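Chemist: start-v6.csv (CSV, N, CA and C atoms) pasted underneath:
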```csv
chain,number,residue,atom,x,y,z
A,28,MET,N,28.4,62.0,-10.3
A,28,MET,CA,27.6,63.0,-9.7
A,28,MET,C,28.2,63.4,-8.4
A,29,LYS,N,28.2,64.7,-8.1
A,29,LYS,CA,28.7,65.2,-6.9
A,29,LYS,C,27.5,65.5,-5.9
A,30,ASN,N,27.9,65.6,-4.7
A,30,ASN,CA,26.9,65.9,-3.6
A,30,ASN,C,27.2,67.3,-3.1
A,31,PHE,N,26.2,68.2,-3.4
A,31,PHE,CA,26.3,69.6,-2.9
A,31,PHE,C,25.3,69.9,-1.8
A,32,SER,N,25.7,70.7,-0.9
A,32,SER,CA,24.8,71.2,0.2
A,32,SER,C,24.3,72.5,-0.3
A,33,ILE,N,23.2,72.5,-1.1
A,33,ILE,CA,22.7,73.7,-1.7
A,33,ILE,C,21.2,73.9,-1.6
A,34,TYR,N,20.7,73.2,-0.6
A,34,TYR,CA,19.2,73.3,-0.4
A,34,TYR,C,18.9,74.0,0.9
A,35,GLU,N,17.7,74.5,1.0
A,35,GLU,CA,17.4,75.3,2.2
A,35,GLU,C,17.6,74.6,3.5
A,36,GLU,N,17.3,73.3,3.5
A,36,GLU,CA,17.5,72.5,4.8
A,36,GLU,C,18.9,72.0,5.0
A,37,ASN,N,19.7,72.1,3.9
A,37,ASN,CA,21.1,71.7,4.0
A,37,ASN,C,21.9,72.6,3.0
A,38,GLY,N,22.3,73.8,3.5
A,38,GLY,CA,22.8,74.8,2.6
A,38,GLY,C,24.2,75.3,2.9
A,39,ALA,N,25.1,74.4,3.4
A,39,ALA,CA,26.4,74.9,3.8
A,39,ALA,C,27.2,75.4,2.5
A,40,ASP,N,27.1,74.7,1.4
A,40,ASP,CA,27.8,75.1,0.2
A,40,ASP,C,27.3,76.4,-0.3
A,41,ILE,N,26.0,76.5,-0.5
A,41,ILE,CA,25.5,77.8,-1.0
A,41,ILE,C,25.8,78.9,0.0
A,42,GLY,N,25.7,78.6,1.3
A,42,GLY,CA,26.0,79.6,2.3
A,42,GLY,C,27.5,80.1,2.2
A,43,PHE,N,28.4,79.1,1.9
A,43,PHE,CA,29.8,79.5,1.7
A,43,PHE,C,30.0,80.3,0.5
A,44,VAL,N,29.3,80.0,-0.6
A,44,VAL,CA,29.4,80.7,-1.9
A,44,VAL,C,28.9,82.1,-1.7
A,45,VAL,N,27.8,82.3,-1.0
A,45,VAL,CA,27.3,83.6,-0.8
A,45,VAL,C,28.2,84.4,0.1
A,46,GLU,N,28.7,83.8,1.1
A,46,GLU,CA,29.7,84.4,2.0
A,46,GLU,C,30.9,84.9,1.2
A,47,CYS,N,31.4,84.1,0.3
A,47,CYS,CA,32.5,84.4,-0.6
A,47,CYS,C,32.1,85.7,-1.4
A,48,LEU,N,30.9,85.7,-1.9
A,48,LEU,CA,30.5,86.9,-2.7
A,48,LEU,C,30.6,88.2,-1.8
A,49,PHE,N,30.0,88.1,-0.6
A,49,PHE,CA,30.0,89.3,0.2
A,49,PHE,C,31.4,89.7,0.7
A,50,SER,N,32.2,88.7,0.8
A,50,SER,CA,33.6,88.9,1.2
A,50,SER,C,34.5,89.3,0.1
A,51,GLN,N,34.0,89.4,-1.1
A,51,GLN,CA,34.7,89.8,-2.3
A,51,GLN,C,35.8,88.9,-2.8
A,52,CYS,N,35.8,87.6,-2.3
A,52,CYS,CA,36.8,86.7,-2.8
A,52,CYS,C,36.3,85.9,-4.0
A,53,LEU,N,35.1,86.2,-4.4
A,53,LEU,CA,34.4,85.6,-5.5
A,53,LEU,C,33.7,86.7,-6.3
A,54,SER,N,33.9,86.7,-7.6
A,54,SER,CA,33.2,87.7,-8.4
A,54,SER,C,31.8,87.2,-8.8
A,55,MET,N,31.0,88.1,-9.3
A,55,MET,CA,29.6,87.7,-9.7
A,55,MET,C,29.7,86.7,-10.9
A,56,ASN,N,30.7,87.0,-11.8
A,56,ASN,CA,30.9,86.1,-12.9
A,56,ASN,C,31.3,84.7,-12.4
A,57,GLU,N,32.1,84.6,-11.4
A,57,GLU,CA,32.5,83.3,-10.9
A,57,GLU,C,31.4,82.6,-10.2
A,58,PHE,N,30.5,83.4,-9.6
A,58,PHE,CA,29.3,82.9,-8.9
A,58,PHE,C,28.4,82.2,-10.0
A,59,LYS,N,28.3,82.8,-11.1
A,59,LYS,CA,27.5,82.3,-12.2
A,59,LYS,C,28.2,81.0,-12.7
A,60,GLN,N,29.5,81.0,-12.8
A,60,GLN,CA,30.3,79.8,-13.2
A,60,GLN,C,30.0,78.7,-12.2
A,61,TRP,N,30.0,79.0,-11.0
A,61,TRP,CA,29.7,78.0,-10.0
A,61,TRP,C,28.4,77.4,-10.2
A,62,ALA,N,27.4,78.2,-10.5
A,62,ALA,CA,26.0,77.7,-10.7
A,62,ALA,C,26.0,76.7,-11.9
A,63,ASP,N,26.7,77.1,-13.0
A,63,ASP,CA,26.9,76.2,-14.1
A,63,ASP,C,27.6,75.0,-13.8
A,64,TYR,N,28.6,75.1,-12.9
A,64,TYR,CA,29.4,73.9,-12.5
A,64,TYR,C,28.4,72.9,-11.7
A,65,VAL,N,27.6,73.5,-10.9
A,65,VAL,CA,26.7,72.6,-10.1
A,65,VAL,C,25.7,71.9,-11.1
A,66,VAL,N,25.2,72.7,-12.0
A,66,VAL,CA,24.2,72.1,-13.0
A,66,VAL,C,24.9,70.9,-13.7
A,67,SER,N,26.2,71.1,-14.1
A,67,SER,CA,26.8,70.0,-14.9
A,67,SER,C,27.3,68.8,-14.0
A,68,HIS,N,27.2,68.9,-12.7
A,68,HIS,CA,27.7,67.9,-11.8
A,68,HIS,C,26.6,67.2,-11.0
A,69,ILE,N,25.3,67.5,-11.1
A,69,ILE,CA,24.3,66.8,-10.4
A,69,ILE,C,23.2,66.5,-11.3
A,70,GLY,N,22.4,65.5,-10.9
A,70,GLY,CA,21.3,65.1,-11.7
A,70,GLY,C,20.2,66.2,-11.9
A,71,VAL,N,19.6,66.2,-13.0
A,71,VAL,CA,18.6,67.3,-13.3
A,71,VAL,C,17.5,67.3,-12.3
A,72,ASP,N,17.1,66.2,-11.8
A,72,ASP,CA,16.0,66.2,-10.8
A,72,ASP,C,16.4,66.8,-9.4
A,73,ASP,N,17.8,66.9,-9.2
A,73,ASP,CA,18.3,67.4,-7.9
A,73,ASP,C,18.7,68.9,-8.0
A,74,ILE,N,18.5,69.5,-9.1
A,74,ILE,CA,18.9,70.9,-9.2
A,74,ILE,C,17.8,71.8,-8.7
A,75,PRO,N,18.1,72.6,-7.6
A,75,PRO,CA,17.1,73.5,-7.2
A,75,PRO,C,16.9,74.6,-8.2
A,76,SER,N,15.6,75.1,-8.3
A,76,SER,CA,15.3,76.1,-9.3
A,76,SER,C,16.1,77.3,-9.3
A,77,TYR,N,16.5,77.7,-8.1
A,77,TYR,CA,17.3,79.0,-8.0
A,77,TYR,C,18.6,78.9,-8.7
A,78,ILE,N,19.2,77.8,-8.9
A,78,ILE,CA,20.4,77.7,-9.6
A,78,ILE,C,20.4,78.3,-11.0
A,79,PHE,N,19.3,78.0,-11.7
A,79,PHE,CA,19.1,78.6,-13.0
A,79,PHE,C,18.9,80.1,-13.0
A,80,LYS,N,18.3,80.6,-12.0
A,80,LYS,CA,18.2,82.0,-11.8
A,80,LYS,C,19.5,82.7,-11.5
A,81,VAL,N,20.3,82.0,-10.7
A,81,VAL,CA,21.7,82.5,-10.4
A,81,VAL,C,22.5,82.7,-11.6
A,82,SER,N,22.4,81.7,-12.5
A,82,SER,CA,23.3,81.7,-13.7
A,82,SER,C,22.9,82.9,-14.6
A,83,GLN,N,21.8,83.5,-14.4
A,83,GLN,CA,21.3,84.6,-15.2
A,83,GLN,C,21.2,85.9,-14.4
A,84,PHE,N,21.6,85.9,-13.1
A,84,PHE,CA,21.4,87.0,-12.2
A,84,PHE,C,22.3,88.2,-12.6
A,85,SER,N,21.7,89.4,-12.7
A,85,SER,CA,22.4,90.6,-13.0
A,85,SER,C,22.1,91.7,-12.1
A,86,GLY,N,21.4,91.5,-11.0
A,86,GLY,CA,21.0,92.5,-10.1
A,86,GLY,C,22.1,92.8,-9.1
A,87,CYS,N,21.7,93.7,-8.1
A,87,CYS,CA,22.7,94.0,-7.1
A,87,CYS,C,22.8,92.9,-6.1
A,88,LEU,N,23.9,92.7,-5.5
A,88,LEU,CA,24.2,91.6,-4.6
A,88,LEU,C,23.2,91.6,-3.4
A,89,ALA,N,22.7,92.7,-3.0
A,89,ALA,CA,21.8,92.7,-1.8
A,89,ALA,C,20.5,91.9,-2.2
A,90,ARG,N,20.2,91.7,-3.5
A,90,ARG,CA,19.0,91.0,-3.9
A,90,ARG,C,19.2,89.5,-4.1
A,91,ILE,N,20.4,89.0,-3.8
A,91,ILE,CA,20.7,87.6,-4.0
A,91,ILE,C,19.8,86.7,-3.2
A,92,PHE,N,19.4,87.1,-2.0
A,92,PHE,CA,18.5,86.2,-1.2
A,92,PHE,C,17.1,86.1,-1.8
A,93,ASP,N,16.7,87.2,-2.5
A,93,ASP,CA,15.4,87.1,-3.2
A,93,ASP,C,15.5,86.0,-4.3
A,94,VAL,N,16.6,85.9,-5.0
A,94,VAL,CA,16.8,85.0,-6.1
A,94,VAL,C,16.8,83.5,-5.5
A,95,LEU,N,17.6,83.4,-4.4
A,95,LEU,CA,17.7,82.1,-3.7
A,95,LEU,C,16.4,81.6,-3.1
A,96,GLY,N,15.6,82.5,-2.6
A,96,GLY,CA,14.4,82.2,-1.9
A,96,GLY,C,14.6,81.8,-0.4
A,97,PHE,N,15.8,81.9,0.1
A,97,PHE,CA,16.1,81.6,1.5
A,97,PHE,C,17.4,82.3,1.8
A,98,ILE,N,17.8,82.3,3.1
A,98,ILE,CA,19.1,82.9,3.5
A,98,ILE,C,19.9,81.7,3.9
A,99,PRO,N,20.9,81.3,3.1
A,99,PRO,CA,21.7,80.1,3.5
A,99,PRO,C,22.7,80.5,4.5
A,100,GLU,N,23.2,79.6,5.3
A,100,GLU,CA,24.2,79.8,6.3
A,100,GLU,C,25.3,78.9,6.1
A,101,TRP,N,26.5,79.5,6.3
A,101,TRP,CA,27.7,78.7,6.4
A,101,TRP,C,28.2,79.0,7.8
A,102,PRO,N,28.1,78.0,8.7
A,102,PRO,CA,28.5,78.2,10.1
A,102,PRO,C,30.0,78.5,10.2
A,103,LEU,N,30.3,79.7,10.5
A,103,LEU,CA,31.7,80.1,10.5
A,103,LEU,C,32.0,81.0,11.7
A,104,HIS,N,33.3,80.9,12.1
A,104,HIS,CA,33.8,81.8,13.2
A,104,HIS,C,34.2,83.1,12.5
A,105,GLU,N,34.4,84.1,13.3
A,105,GLU,CA,34.8,85.4,12.8
A,105,GLU,C,36.2,85.3,12.1
A,106,SER,N,37.1,84.5,12.6
A,106,SER,CA,38.4,84.3,12.0
A,106,SER,C,38.3,83.7,10.6
A,107,GLN,N,37.3,82.8,10.5
A,107,GLN,CA,37.1,82.2,9.1
A,107,GLN,C,36.6,83.2,8.1
A,108,LYS,N,35.7,84.0,8.6
A,108,LYS,CA,35.2,85.1,7.7
A,108,LYS,C,36.3,86.0,7.3
A,109,GLU,N,37.2,86.3,8.3
A,109,GLU,CA,38.3,87.2,8.0
A,109,GLU,C,39.3,86.5,7.0
A,110,ALA,N,39.3,85.2,7.1
A,110,ALA,CA,40.2,84.4,6.1
A,110,ALA,C,39.7,84.6,4.7
A,111,LEU,N,38.3,84.7,4.5
A,111,LEU,CA,37.8,84.9,3.2
A,111,LEU,C,38.3,86.3,2.6
A,112,TYR,N,38.5,87.3,3.5
A,112,TYR,CA,39.0,88.5,3.0
A,112,TYR,C,40.5,88.3,2.6
A,113,GLY,N,41.2,87.4,3.3
A,113,GLY,CA,42.6,87.1,2.9
A,113,GLY,C,42.6,86.5,1.5
A,114,ILE,N,41.6,85.7,1.2
A,114,ILE,CA,41.6,85.2,-0.2
A,114,ILE,C,41.3,86.3,-1.2
A,115,ALA,N,40.4,87.2,-0.8
A,115,ALA,CA,40.1,88.4,-1.7
A,115,ALA,C,41.4,89.2,-1.9
A,116,TYR,N,42.1,89.4,-0.8
A,116,TYR,CA,43.4,90.2,-0.9
A,116,TYR,C,44.4,89.5,-1.8
A,117,ILE,N,44.5,88.2,-1.6
A,117,ILE,CA,45.5,87.4,-2.5
A,117,ILE,C,45.1,87.5,-3.9
A,118,ARG,N,43.8,87.4,-4.2
A,118,ARG,CA,43.3,87.4,-5.6
A,118,ARG,C,43.3,88.9,-6.1
A,119,GLY,N,43.5,89.9,-5.3
A,119,GLY,CA,43.5,91.2,-5.8
A,119,GLY,C,42.2,91.8,-6.2
A,120,ILE,N,41.1,91.3,-5.5
A,120,ILE,CA,39.8,91.8,-5.9
A,120,ILE,C,39.0,92.5,-4.8
A,121,VAL,N,39.7,92.9,-3.8
A,121,VAL,CA,39.0,93.6,-2.7
A,121,VAL,C,38.7,95.0,-3.2
A,122,LYS,N,37.4,95.4,-3.1
A,122,LYS,CA,36.9,96.7,-3.6
A,122,LYS,C,36.6,97.6,-2.5
A,123,ILE,N,36.2,97.1,-1.4
A,123,ILE,CA,35.8,97.9,-0.2
A,123,ILE,C,37.0,98.4,0.5
A,124,HIS,N,37.3,99.6,0.4
A,124,HIS,CA,38.5,100.1,1.1
A,124,HIS,C,38.3,100.5,2.5
A,125,ASP,N,37.1,100.6,2.9
A,125,ASP,CA,36.9,101.0,4.3
A,125,ASP,C,36.6,99.8,5.2
A,126,TYR,N,36.9,98.6,4.7
A,126,TYR,CA,36.8,97.4,5.6
A,126,TYR,C,37.8,97.5,6.7
A,127,GLU,N,37.5,97.3,7.9
A,127,GLU,CA,38.4,97.5,9.0
A,127,GLU,C,39.5,96.5,9.2
A,128,LEU,N,39.5,95.4,8.4
A,128,LEU,CA,40.5,94.4,8.5
A,128,LEU,C,41.7,94.7,7.5
A,129,SER,N,42.9,94.8,8.1
A,129,SER,CA,44.0,95.1,7.2
A,129,SER,C,44.4,93.9,6.4
A,130,ARG,N,45.1,94.1,5.3
A,130,ARG,CA,45.6,93.0,4.5
A,130,ARG,C,46.4,92.0,5.3
A,131,GLU,N,47.2,92.5,6.2
A,131,GLU,CA,48.1,91.6,7.0
A,131,GLU,C,47.2,90.8,7.9
A,132,ALA,N,46.2,91.4,8.6
A,132,ALA,CA,45.3,90.6,9.5
A,132,ALA,C,44.5,89.6,8.7
A,133,ALA,N,44.0,89.9,7.5
A,133,ALA,CA,43.3,89.0,6.7
A,133,ALA,C,44.1,87.8,6.3
A,134,LEU,N,45.4,88.1,5.9
A,134,LEU,CA,46.3,87.0,5.5
A,134,LEU,C,46.6,86.1,6.7
A,135,LYS,N,46.8,86.7,7.8
A,135,LYS,CA,47.1,85.9,9.0
A,135,LYS,C,45.9,85.0,9.4
A,136,ALA,N,44.7,85.6,9.2
A,136,ALA,CA,43.5,84.8,9.5
A,136,ALA,C,43.4,83.6,8.5
A,137,LEU,N,43.8,83.8,7.2
A,137,LEU,CA,43.8,82.8,6.2
A,137,LEU,C,44.9,81.7,6.6
A,138,GLU,N,46.0,82.2,7.0
A,138,GLU,CA,47.1,81.3,7.5
A,138,GLU,C,46.6,80.4,8.6
A,139,ASN,N,45.9,81.0,9.6
A,139,ASN,CA,45.4,80.3,10.7
A,139,ASN,C,44.2,79.4,10.5
A,140,ASN,N,43.6,79.5,9.3
A,140,ASN,CA,42.4,78.8,9.0
A,140,ASN,C,42.5,78.1,7.6
A,141,PRO,N,43.4,77.2,7.5
A,141,PRO,CA,43.7,76.5,6.2
A,141,PRO,C,42.4,75.8,5.7
A,142,ASP,N,41.5,75.4,6.6
A,142,ASP,CA,40.3,74.8,6.1
A,142,ASP,C,39.5,75.7,5.2
A,143,VAL,N,39.6,77.0,5.3
A,143,VAL,CA,38.9,77.9,4.5
A,143,VAL,C,39.4,77.9,3.1
A,144,SER,N,40.7,77.9,2.9
A,144,SER,CA,41.3,77.9,1.6
A,144,SER,C,41.0,76.5,0.9
A,145,ASP,N,41.0,75.4,1.7
A,145,ASP,CA,40.7,74.1,1.2
A,145,ASP,C,39.3,74.0,0.7
A,146,TYR,N,38.4,74.6,1.5
A,146,TYR,CA,37.0,74.6,1.1
A,146,TYR,C,36.8,75.4,-0.2
A,147,PHE,N,37.5,76.6,-0.2
A,147,PHE,CA,37.4,77.4,-1.4
A,147,PHE,C,37.9,76.6,-2.7
A,148,ARG,N,39.0,75.9,-2.6
A,148,ARG,CA,39.5,75.1,-3.7
A,148,ARG,C,38.5,74.0,-4.1
A,149,ARG,N,37.9,73.4,-3.1
A,149,ARG,CA,37.0,72.3,-3.4
A,149,ARG,C,35.7,72.8,-4.0
A,150,THR,N,35.3,74.0,-3.6
A,150,THR,CA,34.0,74.5,-4.0
A,150,THR,C,34.1,75.2,-5.4
A,151,PHE,N,35.3,75.7,-5.7
A,151,PHE,CA,35.5,76.4,-7.0
A,151,PHE,C,36.7,75.8,-7.7
A,152,PRO,N,36.7,74.5,-8.1
A,152,PRO,CA,37.8,73.9,-8.8
A,152,PRO,C,38.2,74.6,-10.1
A,153,PHE,N,37.3,75.3,-10.6
A,153,PHE,CA,37.6,76.0,-11.9
A,153,PHE,C,38.4,77.3,-11.7
A,154,ILE,N,38.6,77.8,-10.4
A,154,ILE,CA,39.4,79.0,-10.1
A,154,ILE,C,40.8,78.5,-9.8
A,155,HIS,N,41.7,79.0,-10.5
A,155,HIS,CA,43.1,78.6,-10.3
A,155,HIS,C,43.9,79.8,-9.8
A,156,CYS,N,44.2,79.7,-8.5
A,156,CYS,CA,45.0,80.7,-7.9
A,156,CYS,C,45.8,80.1,-6.7
A,157,GLU,N,46.9,80.7,-6.4
A,157,GLU,CA,47.7,80.2,-5.3
A,157,GLU,C,47.2,80.9,-4.0
A,158,LEU,N,46.8,80.2,-3.0
A,158,LEU,CA,46.2,80.8,-1.8
A,158,LEU,C,47.2,80.7,-0.6
A,159,ASN,N,48.4,80.4,-0.9
A,159,ASN,CA,49.3,80.3,0.3
A,159,ASN,C,49.7,81.8,0.6
A,160,THR,N,49.8,82.0,1.9
A,160,THR,CA,50.1,83.3,2.4
A,160,THR,C,51.6,83.5,2.6
```
Could you show the structure in this file as structure tokens?
Modeler:
Amino acid sequence: MKNFSIYEENGADIGFVVECLFSQCLSMNEFKQWADYVVSHIGVDDIPSYIFKVSQFSGCLARIFDVLGFIPEWPLHESQKEALYGIAYIRGIVKIHDYELSREAALKALENNPDVSDYFRRTFPFIHCELNT
């Protein structure tokens, strides 16, 4: 059994996952895969009810907090958030073209924040990609 921080009172992992969604380094299908991964790695009594809703979620991203029932936080610095965009650029899934952070700046932020790519790998072990800049 793994230990996940996915509860309202201790939600760093779910906060990171949601931040990855909004930063576009994680797709909605991968979000659902993560929910399934959580279910398969913790005891049934420890699974928050929102996890099952997440695995079936098909609405717009803005409604994700309604599904979760709370707003999780991943305490991050601005440069760490920029590093998530670096992951999105590396993975080739950035869709927002008007984001003010250039590819070069995002990749530099990722290079300066290796903890972000490490956390990404630990959180999503089923995603295989090279995150070196």
Chemist: Give me, as a Markdown table, each residue of region 85-135 of chain A that comes within 7 Å of region 43-63 of chain A, together with its shortest interatomic pair and the distance in Å at one decimal, counting only C-alpha atoms, with rows ordered by chain and rising residue number.
Modeler:
```
| residue | atom | partner | partner_atom | distance |
| --- | --- | --- | --- | --- |
| A:Trp101 | CA | A:Phe43 | CA | 5.2 |
| A:Leu111 | CA | A:Ser50 | CA | 6.1 |
| A:Tyr112 | CA | A:Ser50 | CA | 5.7 |
| A:Ile114 | CA | A:Cys52 | CA | 5.7 |
| A:Ala115 | CA | A:Cys52 | CA | 3.9 |
| A:Ile120 | CA | A:Gln51 | CA | 6.6 |
| A:Val121 | CA | A:Gln51 | CA | 5.8 |
```
Chemist: For the structure I just gave you, how does DSSP split region 82-155 of chain A - specifically, which residues are alpha helix (DSSP H)? Reply as a ChimeraX atom specification.
Modeler: /A:82-83,91-95,105-118,130-139,141-150
Chemist: What's around Leu137 (chain A) at 12 Å? Count only C-alpha atoms, leave out sequence neighbours fewer than 3 positions away in its own chain, and write the answer as number ranges by chain.
Modeler: A: 105-117, 130-134, 140-147, 158-160
Chemist: Let me see the file: selected residues, N, CA and C atoms, as a tab-separated table (two decimals), in the frame of the given file.
Modeler:
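Below is the file that was written, result_21.tsv:
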```tsv
chain	number	residue	atom	x	y	z
A	105	GLU	N	34.40	84.10	13.30
A	105	GLU	CA	34.80	85.40	12.80
A	105	GLU	C	36.20	85.30	12.10
A	106	SER	N	37.10	84.50	12.60
A	106	SER	CA	38.40	84.30	12.00
A	106	SER	C	38.30	83.70	10.60
A	107	GLN	N	37.30	82.80	10.50
A	107	GLN	CA	37.10	82.20	9.10
A	107	GLN	C	36.60	83.20	8.10
A	108	LYS	N	35.70	84.00	8.60
A	108	LYS	CA	35.20	85.10	7.70
A	108	LYS	C	36.30	86.00	7.30
A	109	GLU	N	37.20	86.30	8.30
A	109	GLU	CA	38.30	87.20	8.00
A	109	GLU	C	39.30	86.50	7.00
A	110	ALA	N	39.30	85.20	7.10
A	110	ALA	CA	40.20	84.40	6.10
A	110	ALA	C	39.70	84.60	4.70
A	111	LEU	N	38.30	84.70	4.50
A	111	LEU	CA	37.80	84.90	3.20
A	111	LEU	C	38.30	86.30	2.60
A	112	TYR	N	38.50	87.30	3.50
A	112	TYR	CA	39.00	88.50	3.00
A	112	TYR	C	40.50	88.30	2.60
A	113	GLY	N	41.20	87.40	3.30
A	113	GLY	CA	42.60	87.10	2.90
A	113	GLY	C	42.60	86.50	1.50
A	114	ILE	N	41.60	85.70	1.20
A	114	ILE	CA	41.60	85.20	-0.20
A	114	ILE	C	41.30	86.30	-1.20
A	115	ALA	N	40.40	87.20	-0.80
A	115	ALA	CA	40.10	88.40	-1.70
A	115	ALA	C	41.40	89.20	-1.90
A	116	TYR	N	42.10	89.40	-0.80
A	116	TYR	CA	43.40	90.20	-0.90
A	116	TYR	C	44.40	89.50	-1.80
A	117	ILE	N	44.50	88.20	-1.60
A	117	ILE	CA	45.50	87.40	-2.50
A	117	ILE	C	45.10	87.50	-3.90
A	130	ARG	N	45.10	94.10	5.30
A	130	ARG	CA	45.60	93.00	4.50
A	130	ARG	C	46.40	92.00	5.30
A	131	GLU	N	47.20	92.50	6.20
A	131	GLU	CA	48.10	91.60	7.00
A	131	GLU	C	47.20	90.80	7.90
A	132	ALA	N	46.20	91.40	8.60
A	132	ALA	CA	45.30	90.60	9.50
A	132	ALA	C	44.50	89.60	8.70
A	133	ALA	N	44.00	89.90	7.50
A	133	ALA	CA	43.30	89.00	6.70
A	133	ALA	C	44.10	87.80	6.30
A	134	LEU	N	45.40	88.10	5.90
A	134	LEU	CA	46.30	87.00	5.50
A	134	LEU	C	46.60	86.10	6.70
A	140	ASN	N	43.60	79.50	9.30
A	140	ASN	CA	42.40	78.80	9.00
A	140	ASN	C	42.50	78.10	7.60
A	141	PRO	N	43.40	77.20	7.50
A	141	PRO	CA	43.70	76.50	6.20
A	141	PRO	C	42.40	75.80	5.70
A	142	ASP	N	41.50	75.40	6.60
A	142	ASP	CA	40.30	74.80	6.10
A	142	ASP	C	39.50	75.70	5.20
A	143	VAL	N	39.60	77.00	5.30
A	143	VAL	CA	38.90	77.90	4.50
A	143	VAL	C	39.40	77.90	3.10
A	144	SER	N	40.70	77.90	2.90
A	144	SER	CA	41.30	77.90	1.60
A	144	SER	C	41.00	76.50	0.90
A	145	ASP	N	41.00	75.40	1.70
A	145	ASP	CA	40.70	74.10	1.20
A	145	ASP	C	39.30	74.00	0.70
A	146	TYR	N	38.40	74.60	1.50
A	146	TYR	CA	37.00	74.60	1.10
A	146	TYR	C	36.80	75.40	-0.20
A	147	PHE	N	37.50	76.60	-0.20
A	147	PHE	CA	37.40	77.40	-1.40
A	147	PHE	C	37.90	76.60	-2.70
A	158	LEU	N	46.80	80.20	-3.00
A	158	LEU	CA	46.20	80.80	-1.80
A	158	LEU	C	47.20	80.70	-0.60
A	159	ASN	N	48.40	80.40	-0.90
A	159	ASN	CA	49.30	80.30	0.30
A	159	ASN	C	49.70	81.80	0.60
A	160	THR	N	49.80	82.00	1.90
A	160	THR	CA	50.10	83.30	2.40
A	160	THR	C	51.60	83.50	2.60
```
Chemist: In Å, rounded to a single decimal, give me how far CA of Phe31 (chain A) is from atom C of His68 (chain A).
Modeler: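 Distance reported for this atom pair: 8.5 Å.
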Chemist: Work out how far CA of Glu138 (chain A) is from CA of Ile41 (chain A), in Å to one decimal.
Modeler: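 So the two atoms, CA of Ile41 (chain A) and CA of Glu138 (chain A), lie 23.5 Å apart.
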Chemist: Skipping near chain neighbours, those fewer than 3 positions away, what residues fall within 8 Å of region 88-95 of chain A using only N, CA and C atoms, listed as number ranges by chain?
Modeler: A: 48-49, 76-78, 80-81, 84-85, 98-99
Chemist: Check the smallest atom-to-atom distance from each of A:Arg149, A:Lys29, A:Pro102, A:Glu157 to Val66 (chain A) using only C-alpha atoms, then report the winner.
Modeler: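 Closest candidate: A:Lys29.
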Chemist: When you draw a straight line from atom N of Val65 (chain A) to atom C of Phe153 (chain A), how long is it in Å?
Modeler: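 Separation between atom N of Val65 (chain A) and atom C of Phe153 (chain A): 11.5 Å.
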Chemist: Quick one: residues within 7 Å of Ile69 (chain A), only N, CA and C atoms, excluding same-chain residues fewer than 5 positions away - as a list in words?
Modeler: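 In the requested format, the answer is Met28, Lys29, Asn30, Tyr64 and Ile74 of chain A.
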Chemist: Smallest atom-to-atom distance to Tyr34 (chain A): which of A:Glu100, A:Ala136, A:Gly86, A:Val71, using only C-alpha atoms?
Modeler: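 Of A:Glu100, A:Ala136, A:Gly86, A:Val71, the one nearest Tyr34 (chain A), counting only C-alpha atoms, is A:Glu100.
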Chemist: So, with only C-alpha atoms as the atoms that count, which of A:Arg148, A:Cys87, A:Ala39, A:Cys156 lies closest to Leu103 (chain A)?
Modeler: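 Closest candidate: A:Ala39.
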Chemist: For a quick check of understanding, using only C-alpha atoms, which of A:Thr150, A:Phe97, A:Gly70, A:Asn139 has the smallest distance to Gly38 (chain A)?
Modeler: A:Phe97
